[in-house]
Amino acid sequence: KANYVQLKRYCDKLDIIFLSTPFDLNSVEELKKLVPAYKISSGDNNYFELIDKVLETKKPVIISTGLSDNKEIKKLVNYLKKYNKFIKKLSENLTLLHRVSKYPTPLNEAFLENINFLKKMNCTVGYSDHTQGIDACLTAIVMGARVIEKHFTIDNNFSKFRDHQLSANPVEFKKMVS
């Protein structure tokens with residue numbers, strides 16, 4: 001927990017919103033006073049006990065859909081609707097991120113057309129990108145994504161670790177934000 005607190009303070013100094021993804025029930029509680037919203041990873045978007053614990057905090061939720069097909073996404077959204085206070089403002093409290101769980105994702109396999117399906121879920125739509133470059137992010141925005149999750153690195157050649165190659169460097173990230 002001490003590391004979370006340090007990261008939160010550092011983010012506050014830089015005027016950055018601190019978010020974290022809990023992977024277990026205890027982490028939800030540890031993060032409760034530190035985060036304005038929770039992110040659920042694609043591997044946990046059917047871990048309903050964790051989702052229940054997050055929803056009990058009454059904070060907005062960002063859910064990555066990378067390991068789900070459209071039928072599973074509908075099931076998830078229907079599950080969320082059981083929380084009356086949450087559903088009344090579903091469009092404000094839920095963000096579904098389109099994601100392809102492939103590192104790196106070739107641009108022609110980003111399947112951005114799935115953003116159109118997510119827009120039918122009465123929530124905020126986003127895109128979690130694992131392609132190289134920023135073209136997929138820009139296309140997702142044009143298609144209606146309002147939240148973009150993109151890996152960031154200071155140097156794409158920092159190491160052979162694949163995340164550096166698919167991450168946006170400072171020049172790309174600035175261009176993407178602009």
# chains A, B, ... in the order shown; residues from 1 in each chain; ligands from 1
>>> closest_atom_pairs(of="stretch 19-98 of chain A", to="stretch 4-8 of chain A", cutoff="10 Å", atoms="only C-alpha atoms", output="CSV")
residue,atom,partner,partner_atom,distance
A:Leu19,CA,A:Lys8,CA,8.5
A:Ser20,CA,A:Tyr4,CA,8.6
A:Glu30,CA,A:Tyr4,CA,8.5
A:Leu31,CA,A:Tyr4,CA,7.6
A:Lys33,CA,A:Val5,CA,9.6
A:Leu34,CA,A:Lys8,CA,6.6
A:Val35,CA,A:Lys8,CA,8.2
>>> residues_around(residues="A:Phe152", least_positions_apart="3", cutoff="7 Å", atoms="only C-alpha atoms", output="list in words")
Ser167, Ala168 and Asn169 of chain A
>>> select_by_dssp(residues="chain A", states="strand (DSSP E or B)", output="PDB file with N, CA, C and O atoms, in the first residue's frame")
ATOM      1  N   TYR A  38     -11.887   2.973 -11.013  1.00  0.00           N
ATOM      2  CA  TYR A  38     -11.180   1.703 -11.075  1.00  0.00           C
ATOM      3  C   TYR A  38     -11.127   1.203 -12.512  1.00  0.00           C
ATOM      4  O   TYR A  38     -12.052   1.446 -13.280  1.00  0.00           O
ATOM      5  N   LYS A  39     -10.062   0.485 -12.832  1.00  0.00           N
ATOM      6  CA  LYS A  39      -9.978  -0.191 -14.124  1.00  0.00           C
ATOM      7  C   LYS A  39      -9.993  -1.688 -13.858  1.00  0.00           C
ATOM      8  O   LYS A  39      -9.297  -2.182 -12.987  1.00  0.00           O
ATOM      9  N   ILE A  40     -10.799  -2.393 -14.643  1.00  0.00           N
ATOM     10  CA  ILE A  40     -10.851  -3.848 -14.581  1.00  0.00           C
ATOM     11  C   ILE A  40     -10.147  -4.367 -15.833  1.00  0.00           C
ATOM     12  O   ILE A  40     -10.483  -3.981 -16.954  1.00  0.00           O
ATOM     13  N   VAL A  61     -16.092   3.050 -13.414  1.00  0.00           N
ATOM     14  CA  VAL A  61     -15.353   1.837 -13.743  1.00  0.00           C
ATOM     15  C   VAL A  61     -14.978   1.840 -15.226  1.00  0.00           C
ATOM     16  O   VAL A  61     -15.808   2.147 -16.078  1.00  0.00           O
ATOM     17  N   ILE A  62     -13.731   1.501 -15.484  1.00  0.00           N
ATOM     18  CA  ILE A  62     -13.228   1.317 -16.844  1.00  0.00           C
ATOM     19  C   ILE A  62     -12.961  -0.175 -16.989  1.00  0.00           C
ATOM     20  O   ILE A  62     -12.236  -0.752 -16.175  1.00  0.00           O
ATOM     21  N   ILE A  63     -13.559  -0.789 -18.000  1.00  0.00           N
ATOM     22  CA  ILE A  63     -13.403  -2.232 -18.183  1.00  0.00           C
ATOM     23  C   ILE A  63     -12.847  -2.504 -19.575  1.00  0.00           C
ATOM     24  O   ILE A  63     -13.412  -2.073 -20.574  1.00  0.00           O
ATOM     25  N   SER A  64     -11.752  -3.232 -19.597  1.00  0.00           N
ATOM     26  CA  SER A  64     -11.146  -3.636 -20.857  1.00  0.00           C
ATOM     27  C   SER A  64     -11.847  -4.888 -21.366  1.00  0.00           C
ATOM     28  O   SER A  64     -12.114  -5.809 -20.601  1.00  0.00           O
ATOM     29  N   LEU A  94     -19.529   4.099 -16.593  1.00  0.00           N
ATOM     30  CA  LEU A  94     -18.898   2.936 -17.199  1.00  0.00           C
ATOM     31  C   LEU A  94     -18.212   3.327 -18.498  1.00  0.00           C
ATOM     32  O   LEU A  94     -18.812   3.954 -19.361  1.00  0.00           O
ATOM     33  N   THR A  95     -16.961   2.927 -18.610  1.00  0.00           N
ATOM     34  CA  THR A  95     -16.226   3.045 -19.862  1.00  0.00           C
ATOM     35  C   THR A  95     -15.805   1.648 -20.272  1.00  0.00           C
ATOM     36  O   THR A  95     -15.192   0.928 -19.484  1.00  0.00           O
ATOM     37  N   LEU A  96     -16.170   1.264 -21.475  1.00  0.00           N
ATOM     38  CA  LEU A  96     -15.731  -0.011 -22.045  1.00  0.00           C
ATOM     39  C   LEU A  96     -14.626   0.287 -23.049  1.00  0.00           C
ATOM     40  O   LEU A  96     -14.815   1.100 -23.957  1.00  0.00           O
ATOM     41  N   LEU A  97     -13.484  -0.347 -22.861  1.00  0.00           N
ATOM     42  CA  LEU A  97     -12.359  -0.163 -23.770  1.00  0.00           C
ATOM     43  C   LEU A  97     -12.300  -1.309 -24.769  1.00  0.00           C
ATOM     44  O   LEU A  97     -12.187  -2.476 -24.374  1.00  0.00           O
ATOM     45  N   HIS A  98     -12.379  -0.970 -26.054  1.00  0.00           N
ATOM     46  CA  HIS A  98     -12.120  -1.985 -27.072  1.00  0.00           C
ATOM     47  C   HIS A  98     -10.632  -2.307 -27.012  1.00  0.00           C
ATOM     48  O   HIS A  98      -9.792  -1.413 -26.911  1.00  0.00           O
ATOM     49  N   ARG A  99     -10.320  -3.590 -27.063  1.00  0.00           N
ATOM     50  CA  ARG A  99      -8.920  -4.010 -26.973  1.00  0.00           C
ATOM     51  C   ARG A  99      -8.752  -5.334 -27.693  1.00  0.00           C
ATOM     52  O   ARG A  99      -9.618  -6.195 -27.629  1.00  0.00           O
ATOM     53  N   THR A 124     -19.614   5.143 -21.952  1.00  0.00           N
ATOM     54  CA  THR A 124     -18.502   5.809 -22.605  1.00  0.00           C
ATOM     55  C   THR A 124     -17.660   4.726 -23.270  1.00  0.00           C
ATOM     56  O   THR A 124     -17.466   3.658 -22.713  1.00  0.00           O
ATOM     57  N   VAL A 125     -17.166   5.020 -24.455  1.00  0.00           N
ATOM     58  CA  VAL A 125     -16.386   4.044 -25.212  1.00  0.00           C
ATOM     59  C   VAL A 125     -14.942   4.515 -25.290  1.00  0.00           C
ATOM     60  O   VAL A 125     -14.663   5.702 -25.447  1.00  0.00           O
ATOM     61  N   GLY A 126     -14.034   3.564 -25.171  1.00  0.00           N
ATOM     62  CA  GLY A 126     -12.618   3.864 -25.277  1.00  0.00           C
ATOM     63  C   GLY A 126     -11.900   2.808 -26.078  1.00  0.00           C
ATOM     64  O   GLY A 126     -12.502   1.853 -26.578  1.00  0.00           O
ATOM     65  N   TYR A 127     -10.598   2.992 -26.170  1.00  0.00           N
ATOM     66  CA  TYR A 127      -9.765   2.070 -26.939  1.00  0.00           C
ATOM     67  C   TYR A 127      -8.445   1.875 -26.212  1.00  0.00           C
ATOM     68  O   TYR A 127      -7.769   2.846 -25.845  1.00  0.00           O
ATOM     69  N   SER A 128      -8.087   0.630 -25.996  1.00  0.00           N
ATOM     70  CA  SER A 128      -6.804   0.259 -25.404  1.00  0.00           C
ATOM     71  C   SER A 128      -5.930  -0.267 -26.539  1.00  0.00           C
ATOM     72  O   SER A 128      -6.209  -1.320 -27.100  1.00  0.00           O
ATOM     73  N   ASP A 129      -4.898   0.468 -26.868  1.00  0.00           N
ATOM     74  CA  ASP A 129      -4.127   0.211 -28.084  1.00  0.00           C
ATOM     75  C   ASP A 129      -2.847  -0.569 -27.839  1.00  0.00           C
ATOM     76  O   ASP A 129      -2.094  -0.251 -26.917  1.00  0.00           O
ATOM     77  N   VAL A 147     -11.906   7.681 -24.537  1.00  0.00           N
ATOM     78  CA  VAL A 147     -10.811   7.344 -23.621  1.00  0.00           C
ATOM     79  C   VAL A 147      -9.812   6.531 -24.439  1.00  0.00           C
ATOM     80  O   VAL A 147     -10.196   5.596 -25.134  1.00  0.00           O
ATOM     81  N   ILE A 148      -8.552   6.917 -24.354  1.00  0.00           N
ATOM     82  CA  ILE A 148      -7.502   6.180 -25.045  1.00  0.00           C
ATOM     83  C   ILE A 148      -6.495   5.698 -24.006  1.00  0.00           C
ATOM     84  O   ILE A 148      -6.027   6.469 -23.176  1.00  0.00           O
ATOM     85  N   GLU A 149      -6.189   4.411 -24.078  1.00  0.00           N
ATOM     86  CA  GLU A 149      -5.142   3.833 -23.238  1.00  0.00           C
ATOM     87  C   GLU A 149      -4.017   3.428 -24.187  1.00  0.00           C
ATOM     88  O   GLU A 149      -4.210   2.613 -25.086  1.00  0.00           O
ATOM     89  N   LYS A 150      -2.860   4.024 -23.989  1.00  0.00           N
ATOM     90  CA  LYS A 150      -1.711   3.761 -24.865  1.00  0.00           C
ATOM     91  C   LYS A 150      -0.473   3.627 -23.993  1.00  0.00           C
ATOM     92  O   LYS A 150      -0.236   4.447 -23.110  1.00  0.00           O
ATOM     93  N   PHE A 152       3.306   3.982 -22.907  1.00  0.00           N
ATOM     94  CA  PHE A 152       4.228   5.099 -23.096  1.00  0.00           C
ATOM     95  C   PHE A 152       5.635   4.653 -22.721  1.00  0.00           C
ATOM     96  O   PHE A 152       5.825   3.916 -21.757  1.00  0.00           O
ATOM     97  N   ALA A 168       4.048   4.462 -27.297  1.00  0.00           N
ATOM     98  CA  ALA A 168       4.266   5.783 -27.894  1.00  0.00           C
ATOM     99  C   ALA A 168       5.449   6.439 -27.189  1.00  0.00           C
ATOM    100  O   ALA A 168       5.538   6.411 -25.962  1.00  0.00           O
TER     101      ALA A 168
END
>>> select_by_dssp(residues="stretch 125-157 of chain A", states="alpha helix (DSSP H)", output="NGL selection string")
:A and (135-142)
>>> closest_residue(among="A:Lys53, A:His130, A:Lys59, A:Arg146", to="A:Leu166", atoms="only C-alpha atoms")
A:His130
>>> residues_around(residues="A:Lys74", least_positions_apart="4", cutoff="8 Å", atoms="only C-alpha atoms", output="MDAnalysis selection string")
chainID A and resid 70 78 121
>>> residues_around(residues="A:Gly66", least_positions_apart="5", cutoff="6 Å", atoms="only C-alpha atoms", output="list in words")
Ser42, Arg99, Val100 and Ser101 of chain A
>>> write_last_selection(atoms="N, CA, C and O atoms", output="PDB file, in the first residue's frame")
ATOM      1  N   SER A  42      -8.890  -6.963 -18.825  1.00  0.00           N
ATOM      2  CA  SER A  42      -9.668  -7.889 -19.652  1.00  0.00           C
ATOM      3  C   SER A  42      -9.675  -9.293 -19.072  1.00  0.00           C
ATOM      4  O   SER A  42     -10.646 -10.009 -19.253  1.00  0.00           O
ATOM      5  N   ARG A  99     -10.320  -3.590 -27.063  1.00  0.00           N
ATOM      6  CA  ARG A  99      -8.920  -4.010 -26.973  1.00  0.00           C
ATOM      7  C   ARG A  99      -8.752  -5.334 -27.693  1.00  0.00           C
ATOM      8  O   ARG A  99      -9.618  -6.195 -27.629  1.00  0.00           O
ATOM      9  N   VAL A 100      -7.642  -5.457 -28.373  1.00  0.00           N
ATOM     10  CA  VAL A 100      -7.256  -6.738 -28.953  1.00  0.00           C
ATOM     11  C   VAL A 100      -6.082  -7.238 -28.123  1.00  0.00           C
ATOM     12  O   VAL A 100      -5.087  -6.534 -27.950  1.00  0.00           O
ATOM     13  N   SER A 101      -6.214  -8.428 -27.592  1.00  0.00           N
ATOM     14  CA  SER A 101      -5.185  -8.968 -26.694  1.00  0.00           C
ATOM     15  C   SER A 101      -4.085  -9.665 -27.474  1.00  0.00           C
ATOM     16  O   SER A 101      -3.905 -10.874 -27.398  1.00  0.00           O
TER      17      SER A 101
END
>>> atom_distance(atom1="atom CA of A:Pro22", atom2="atom CA of A:Ile115")
24.8 Å
